[in-house]
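Trainee: Here you go, this is target.cif (mmCIF, C-alpha atoms).
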```
data_my_file
loop_
_atom_site.label_atom_id
_atom_site.label_comp_id
_atom_site.auth_asym_id
_atom_site.auth_seq_id
_atom_site.Cartn_x
_atom_site.Cartn_y
_atom_site.Cartn_z
CA MET S 22 0.00 0.00 0.00
CA PHE S 23 3.06 2.22 0.22
CA GLY S 24 5.27 3.64 -2.51
CA TYR S 25 2.97 6.30 -3.96
CA VAL S 26 4.42 9.34 -2.19
CA THR S 27 7.58 9.74 -4.21
CA ILE S 28 9.31 12.27 -6.46
CA CYS S 29 8.67 13.14 -10.09
CA GLU S 30 12.32 12.90 -11.10
CA PRO S 31 12.16 14.72 -14.48
CA GLU S 32 10.71 17.81 -12.78
CA LEU S 33 13.26 17.93 -9.96
CA LYS S 34 16.47 19.99 -10.04
CA VAL S 35 19.70 17.98 -9.93
CA LYS S 36 20.70 19.36 -6.51
CA ASP S 37 17.28 18.54 -5.08
CA LEU S 38 17.35 15.04 -6.53
CA LYS S 39 20.74 14.49 -4.92
CA LYS S 40 19.41 15.68 -1.58
CA TYR S 41 16.26 13.55 -1.81
CA ARG S 42 18.37 10.46 -2.44
CA ALA S 43 20.58 11.39 0.52
CA TYR S 44 17.51 11.45 2.79
CA TYR S 45 16.34 8.12 1.36
CA CYS S 46 19.76 6.52 1.85
CA GLY S 47 19.97 8.03 5.33
CA LEU S 48 16.71 6.37 6.31
CA CYS S 49 17.92 3.09 4.85
CA ARG S 50 21.15 3.36 6.87
CA VAL S 51 19.33 4.05 10.14
CA LEU S 52 16.99 1.11 9.54
CA LYS S 53 19.99 -1.17 9.08
CA GLU S 54 21.87 0.14 12.12
CA GLU S 55 18.92 0.14 14.52
CA TYR S 56 16.82 -2.79 13.25
CA GLY S 57 19.10 -4.93 11.09
CA PHE S 58 18.49 -6.38 7.65
CA MET S 59 14.78 -7.03 8.27
CA GLY S 60 14.33 -3.42 9.33
CA GLN S 61 16.06 -2.29 6.17
CA MET S 62 13.54 -4.27 4.13
CA THR S 63 10.73 -2.01 5.42
CA LEU S 64 12.16 1.10 3.71
CA THR S 65 9.52 3.19 1.91
CA TYR S 66 9.39 6.38 -0.14
CA ASP S 67 6.41 7.50 1.92
CA MET S 68 8.37 7.68 5.16
CA THR S 69 11.23 9.40 3.32
CA PHE S 70 8.70 12.13 2.52
CA ALA S 71 7.78 12.28 6.21
CA VAL S 72 11.45 12.75 7.14
CA ILE S 73 11.86 15.66 4.71
CA LEU S 74 8.55 17.26 5.71
CA LEU S 75 9.13 17.08 9.47
CA SER S 76 12.79 18.07 9.17
CA SER S 77 11.72 21.15 7.22
CA LEU S 78 8.90 22.05 9.59
CA TYR S 79 10.98 21.71 12.75
CA GLU S 80 14.18 23.00 11.14
CA SER S 81 16.02 19.88 12.25
CA ILE S 82 19.54 19.95 10.85
CA ALA S 83 20.64 16.68 9.29
CA SER S 84 24.21 15.43 9.58
CA VAL S 85 25.98 14.46 6.35
CA GLU S 86 27.63 11.04 6.15
CA MET S 87 29.28 9.04 3.37
CA HIS S 88 28.88 5.26 3.30
CA ARG S 89 29.02 2.29 0.98
CA CYS S 90 26.21 -0.26 0.99
CA LYS S 91 25.16 -3.45 -0.77
CA THR S 92 23.32 -1.45 -3.41
CA HIS S 93 26.32 0.87 -3.93
CA PRO S 94 29.39 -1.23 -2.99
CA VAL S 95 31.97 0.75 -4.98
CA LYS S 96 31.21 4.43 -4.47
CA LYS S 97 30.30 5.98 -1.14
CA GLN S 98 26.86 7.58 -1.09
CA MET S 99 25.86 10.79 0.66
CA MET S 100 23.39 10.20 3.48
CA LEU S 101 21.40 12.70 5.55
CA ARG S 102 20.08 11.76 8.98
CA ASN S 103 18.74 13.38 12.15
CA GLU S 104 16.45 12.48 15.06
CA ILE S 105 13.45 12.52 12.74
CA THR S 106 15.12 9.86 10.58
CA SER S 107 15.20 7.60 13.65
CA TYR S 108 11.50 8.33 14.27
CA ALA S 109 10.59 7.45 10.67
CA ALA S 110 12.65 4.25 10.88
CA ALA S 111 10.75 3.23 14.00
CA MET S 112 7.43 3.89 12.27
CA ASN S 113 8.54 1.82 9.28
CA VAL S 114 9.27 -1.18 11.47
CA LEU S 115 6.07 -0.73 13.47
CA LEU S 116 3.97 -0.62 10.31
CA ALA S 117 5.67 -3.74 8.99
CA TYR S 118 5.11 -5.59 12.28
CA TYR S 119 1.38 -4.84 12.44
CA HIS S 120 0.97 -5.63 8.74
CA LEU S 121 2.62 -9.04 9.26
CA ASP S 122 0.48 -9.64 12.33
CA ASP S 123 -2.63 -8.77 10.31
CA ASP S 124 -1.63 -11.16 7.52
CA TRP S 125 -1.11 -13.97 10.00
CA ARG S 126 -4.43 -13.41 11.77
CA ASP S 127 -6.48 -13.06 8.58
CA GLU S 128 -4.76 -15.41 6.12
CA LYS S 129 -2.56 -17.60 8.35
CA LYS S 130 0.52 -16.88 6.25
CA VAL S 131 3.40 -18.83 7.79
CA SER S 132 5.95 -16.51 6.17
CA SER S 133 4.30 -13.53 7.89
CA LEU S 134 4.38 -15.32 11.26
CA LEU S 135 8.07 -16.15 10.91
CA THR S 136 9.06 -12.64 9.81
CA LYS S 137 6.94 -11.13 12.56
CA GLY S 138 8.83 -13.23 15.08
CA VAL S 139 12.16 -11.86 13.86
CA ILE S 140 11.22 -8.21 14.48
CA GLN S 141 8.84 -8.74 17.41
CA GLY S 142 11.37 -7.82 20.12
CA LYS S 143 12.36 -4.54 18.48
CA ALA S 144 8.76 -3.74 17.58
CA GLY S 145 7.83 -4.19 21.24
CA LYS S 146 10.37 -1.56 22.28
CA ILE S 147 8.98 0.84 19.65
CA MET S 148 5.46 0.31 21.03
CA GLU S 149 6.68 1.27 24.50
CA ARG S 150 8.36 4.39 23.15
CA TYR S 151 5.51 5.45 20.85
CA PRO S 152 2.24 4.16 22.40
CA ARG S 153 0.01 6.70 20.61
CA GLN S 154 1.25 5.79 17.15
CA SER S 155 1.28 2.09 17.98
CA GLU S 156 -2.35 2.10 19.11
CA ALA S 157 -3.40 4.12 16.05
CA ILE S 158 -1.78 1.63 13.66
CA ARG S 159 -3.30 -1.34 15.49
CA THR S 160 -6.83 0.05 15.63
CA SER S 161 -6.76 1.40 12.06
CA LEU S 162 -5.63 -1.93 10.60
CA ALA S 163 -8.21 -3.75 12.73
CA GLU S 164 -10.97 -1.50 11.36
CA LEU S 165 -9.68 -2.05 7.83
CA SER S 166 -9.72 -5.79 8.43
CA ALA S 167 -13.34 -5.47 9.60
CA CYS S 168 -14.21 -3.68 6.34
CA GLU S 169 -12.70 -6.57 4.39
CA LYS S 170 -14.57 -9.21 6.40
CA GLU S 171 -17.84 -7.32 5.93
CA ASN S 172 -17.02 -6.79 2.27
CA SER S 173 -17.88 -3.14 2.84
CA THR S 174 -18.25 -0.93 -0.22
CA ASP S 175 -18.17 2.23 1.88
CA ILE S 176 -15.21 3.88 0.18
CA ASP S 177 -14.93 6.71 2.68
CA ARG S 178 -14.91 4.33 5.65
CA ALA S 179 -12.21 2.06 4.21
CA ALA S 180 -9.98 4.90 3.04
CA GLY S 181 -10.54 6.71 6.34
CA CYS S 182 -8.96 3.81 8.22
CA PHE S 183 -5.66 4.39 6.48
CA GLY S 184 -6.11 8.13 6.77
CA LYS S 185 -6.33 7.87 10.57
CA LEU S 186 -3.20 5.77 10.58
CA MET S 187 -1.21 8.28 8.53
CA GLU S 188 -2.33 11.30 10.53
CA GLU S 189 -0.84 9.80 13.68
CA LEU S 190 2.45 8.99 11.97
CA PHE S 191 2.76 12.56 10.68
CA LEU S 192 2.18 13.91 14.18
CA TYR S 193 5.78 13.88 15.41
CA ARG S 194 4.98 16.36 18.21
CA GLN S 195 1.67 17.44 19.72
CA ASP S 196 2.13 21.18 19.34
CA MET S 197 0.72 24.17 17.48
CA TRP S 198 1.01 22.36 14.12
CA GLU S 199 -1.00 19.33 15.26
CA LYS S 200 -4.24 20.22 13.46
CA ASN S 201 -2.48 20.90 10.14
CA LEU S 202 -0.30 17.79 10.30
CA ARG S 203 -3.26 15.61 11.22
CA ARG S 204 -5.39 16.84 8.33
CA MET S 205 -2.50 16.66 5.91
CA GLY S 206 -1.67 13.10 6.94
CA PHE S 207 -5.32 12.03 7.02
CA PHE S 208 -6.12 13.08 3.46
CA LEU S 209 -2.76 11.90 2.13
CA GLY S 210 -3.47 8.53 3.75
CA LYS S 211 -6.86 8.36 2.05
CA PHE S 212 -5.22 9.23 -1.27
CA ILE S 213 -2.66 6.44 -0.83
CA TYR S 214 -5.33 3.88 0.03
CA LEU S 215 -7.55 4.85 -2.91
CA MET S 216 -4.64 4.88 -5.35
CA ASP S 217 -3.68 1.40 -4.18
CA ALA S 218 -7.28 0.19 -4.50
CA TYR S 219 -7.55 1.71 -7.99
CA GLU S 220 -4.31 0.11 -9.15
CA ASP S 221 -5.15 -3.30 -7.66
CA LEU S 222 -8.80 -3.48 -8.76
CA PRO S 223 -8.33 -5.45 -12.02
CA GLU S 224 -6.30 -8.11 -10.21
CA ASP S 225 -8.65 -8.10 -7.23
CA LEU S 226 -11.61 -8.74 -9.53
CA LYS S 227 -9.82 -11.69 -11.16
CA LYS S 228 -8.93 -13.25 -7.80
CA ASP S 229 -12.18 -12.23 -6.08
CA ARG S 230 -10.36 -10.23 -3.39
CA TYR S 231 -11.77 -7.39 -1.35
CA ASN S 232 -11.72 -3.93 -2.88
CA PRO S 233 -14.12 -1.11 -1.89
CA LEU S 234 -14.16 0.20 -5.48
CA ARG S 235 -15.90 -2.91 -6.83
CA ARG S 236 -19.34 -1.34 -6.37
CA ILE S 237 -18.69 1.58 -8.72
CA TYR S 238 -16.45 -0.28 -11.18
CA GLY S 239 -18.11 -0.65 -14.54
CA GLU S 240 -20.23 2.48 -14.21
CA PRO S 241 -19.91 4.87 -17.19
CA ASP S 242 -18.26 7.59 -15.15
CA TYR S 243 -16.00 5.31 -13.08
CA GLU S 244 -12.69 6.72 -14.29
CA GLU S 245 -13.81 10.32 -13.91
CA ARG S 246 -15.20 9.69 -10.42
CA ILE S 247 -11.95 8.09 -9.28
CA ARG S 248 -9.90 11.00 -10.59
CA GLN S 249 -12.20 13.51 -8.91
CA ILE S 250 -11.97 11.69 -5.57
CA LEU S 251 -8.18 11.46 -5.79
CA CYS S 252 -7.95 15.14 -6.71
CA MET S 253 -10.10 16.10 -3.72
CA MET S 254 -7.98 14.04 -1.32
CA ILE S 255 -4.65 15.43 -2.46
CA ALA S 256 -6.07 18.97 -2.68
CA GLU S 257 -7.08 18.81 0.99
CA SER S 258 -3.65 17.48 1.92
CA THR S 259 -1.68 20.08 -0.03
CA ALA S 260 -3.88 22.88 1.34
CA GLU S 261 -2.76 21.94 4.85
CA PHE S 262 0.84 21.64 3.71
CA GLU S 263 0.81 25.19 2.37
CA ARG S 264 -0.28 26.41 5.81
CA LEU S 265 2.89 25.00 7.36
CA PRO S 266 5.99 27.25 7.56
CA CYS S 267 8.19 24.88 5.54
CA LEU S 268 11.02 26.71 3.79
CA VAL S 269 13.90 24.22 3.63
CA ASP S 270 13.51 21.63 0.85
CA VAL S 271 10.13 23.08 -0.08
CA ASP S 272 10.78 22.45 -3.79
CA ILE S 273 11.27 18.73 -3.08
CA LEU S 274 8.11 18.60 -0.98
CA ARG S 275 6.02 20.38 -3.61
CA ASN S 276 7.44 18.16 -6.34
CA ILE S 277 6.21 15.13 -4.41
CA LEU S 278 2.79 16.50 -3.47
CA TYR S 279 1.89 18.10 -6.80
CA ASP S 280 3.59 15.75 -9.27
CA GLY S 281 5.17 12.68 -7.68
CA VAL S 282 2.02 11.29 -6.08
CA TRP S 283 0.47 11.07 -9.56
CA SER S 284 3.33 9.05 -11.09
CA ARG S 285 1.69 5.65 -10.70
CA TYR S 286 -1.70 7.00 -11.79
CA ASN S 287 -0.17 8.39 -14.97
CA LYS S 288 1.55 5.07 -15.69
CA ILE S 289 -1.78 3.27 -15.31
CA GLN S 290 -3.40 5.67 -17.78
CA MET S 291 -0.56 5.20 -20.28
CA LYS S 292 -0.90 1.42 -20.00
CA LYS S 293 -4.66 1.62 -20.57
CA SER S 294 -4.16 3.86 -23.62
CA GLU S 295 -1.68 1.39 -25.10
CA GLU S 296 -4.05 -1.50 -24.53
CA GLN S 297 -6.88 0.39 -26.22
CA ARG S 298 -4.68 1.14 -29.24
CA LYS S 299 -3.77 -2.52 -29.55
#
```
Mind turning the file's structure into structure tokens?
Mentor:
Amino acid sequence: MFGYVTICEPELKVKDLKKYRAYYCGLCRVLKEEYGFMGQMTLTYDMTFAVILLSSLYESIASVEMHRCKTHPVKKQMMLRNEITSYAAAMNVLLAYYHLDDDWRDEKKVSSLLTKGVIQGKAGKIMERYPRQSEAIRTSLAELSACEKENSTDIDRAAGCFGKLMEELFLYRQDMWEKNLRRMGFFLGKFIYLMDAYEDLPEDLKKDRYNPLRRIYGEPDYEERIRQILCMMIAESTAEFERLPCLVDVDILRNILYDGVWSRYNKIQMKKSEEQRK
């Protein structure tokens, strides 16, 4: 469900692209150092966005490091990290743990149970450190699971579950920016969930899997309705972003929110156009 909140590389300046990659690599490095290889496997673009956003908002200065890694064994890569990077890494692992737990409970996937066992100890420590976020993830995924079991076609309810989850993750501190960060995270979370549902729908229909968009699929205005809903969600999120006093890396953040989040949607449309031509 993650991977939608990323950059639009062609529209990003070279210096900004270099910095974005440094934040991404910094998050990857922290995941490895604090949670090992399995933690590193939870790396997402979405939490990289959270690092850049919160670092900009709270003017948290990132230290610059140079390291080699398995992906780049020859040349050292620039990495940016600060205390917010550690927070995002913790949230990555926590999300992965609850997702694995959900898979085991609902589908009895042995692989999920085994992987969950590997990170359970570290996830437990994160829960103790971040009880608010931990409870939000648990309850949101439980509600989403209930939607699936009920085969609910209430799009707003299903998307809202993930929205509630994201709003808590964006809330690094409970301060004067709480309302804006909550609304921004909530609507961005709904956008992510709906984009994922839209992309997965053809496969879900083939395999008879749950998808809240099934009810409106096939209607004459389906594509237009989906685009309108997605536009409304991201418009609400960006409106809250623009109310935040983010100055550092604002070009990267706007690139992601105004262009990058639509990358997968545009690829889907291109694929559909090609199929229609054939």
Trainee: Go through S:Leu215, S:Leu202, S:Met197, S:Leu115 and flag the residue nearest Asp175 in chain S, using only C-alpha atoms for the distances.
Mentor: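 Among the listed residues, the smallest separation from Asp175 in chain S belongs to S:Leu215.
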Trainee: Name every residue that the PyMOL selection byres ((chain S and resi 148) around 12) selects in this structure, writing the answer as an MDAnalysis selection string with chains first and numbers rising.
Mentor: chainID S and resid 111:112 114:116 118:119 141:147 149:159
Trainee: Against range 60-78 of chain S, which residues of range 99-123 of chain S fall within 7 Å? For each one I want the closest pair of atoms and the distance in Å (one decimal), counting only C-alpha atoms, rows by chain and increasing residue number, as a tab-separated table.
Mentor:
```
residue	atom	partner	partner_atom	distance
S:Ile105	CA	S:Val72	CA	6.0
S:Thr106	CA	S:Val72	CA	5.8
S:Ala109	CA	S:Met68	CA	5.9
S:Asn113	CA	S:Thr63	CA	5.9
S:Val114	CA	S:Gly60	CA	5.9
S:Ala117	CA	S:Thr63	CA	6.4
```
Trainee: Given the file shown, enumerate the residues that the PyMOL selection byres ((chain S and resi 285-292) around 12) captures and present them as JSON, numbers by chain.
Mentor: {"S": [23, 24, 25, 26, 27, 28, 29, 212, 213, 215, 216, 217, 218, 219, 220, 221, 222, 223, 244, 247, 248, 251, 252, 280, 281, 282, 283, 284, 293, 294, 295, 296, 297, 298, 299]}
Trainee: For this structure, which residues satisfy the selection - the PyMOL selection byres ((chain S and resi 272) around 12) - when it is evaluated on the file as given? I want them as a PyMOL selection string.
Mentor: chain S and resi 28-29+32-38+40-41+73-74+77+267-271+273-281
Trainee: Hey, can you check how far CA of Cys90 in chain S sits from CA of Tyr44 in chain S?
Mentor: 14.7 Å
Trainee: Interatomic distance between CA of Ala110 in chain S and CA of Tyr45 in chain S?
Mentor: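 CA of Tyr45 in chain S lies at a distance of 10.9 Å from CA of Ala110 in chain S.
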Trainee: For the atom pair CA of Arg230 in chain S and CA of Gly184 in chain S, what is the interatomic distance in Å to one decimal place?
Mentor: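 Distance between the two atoms: 21.4 Å.
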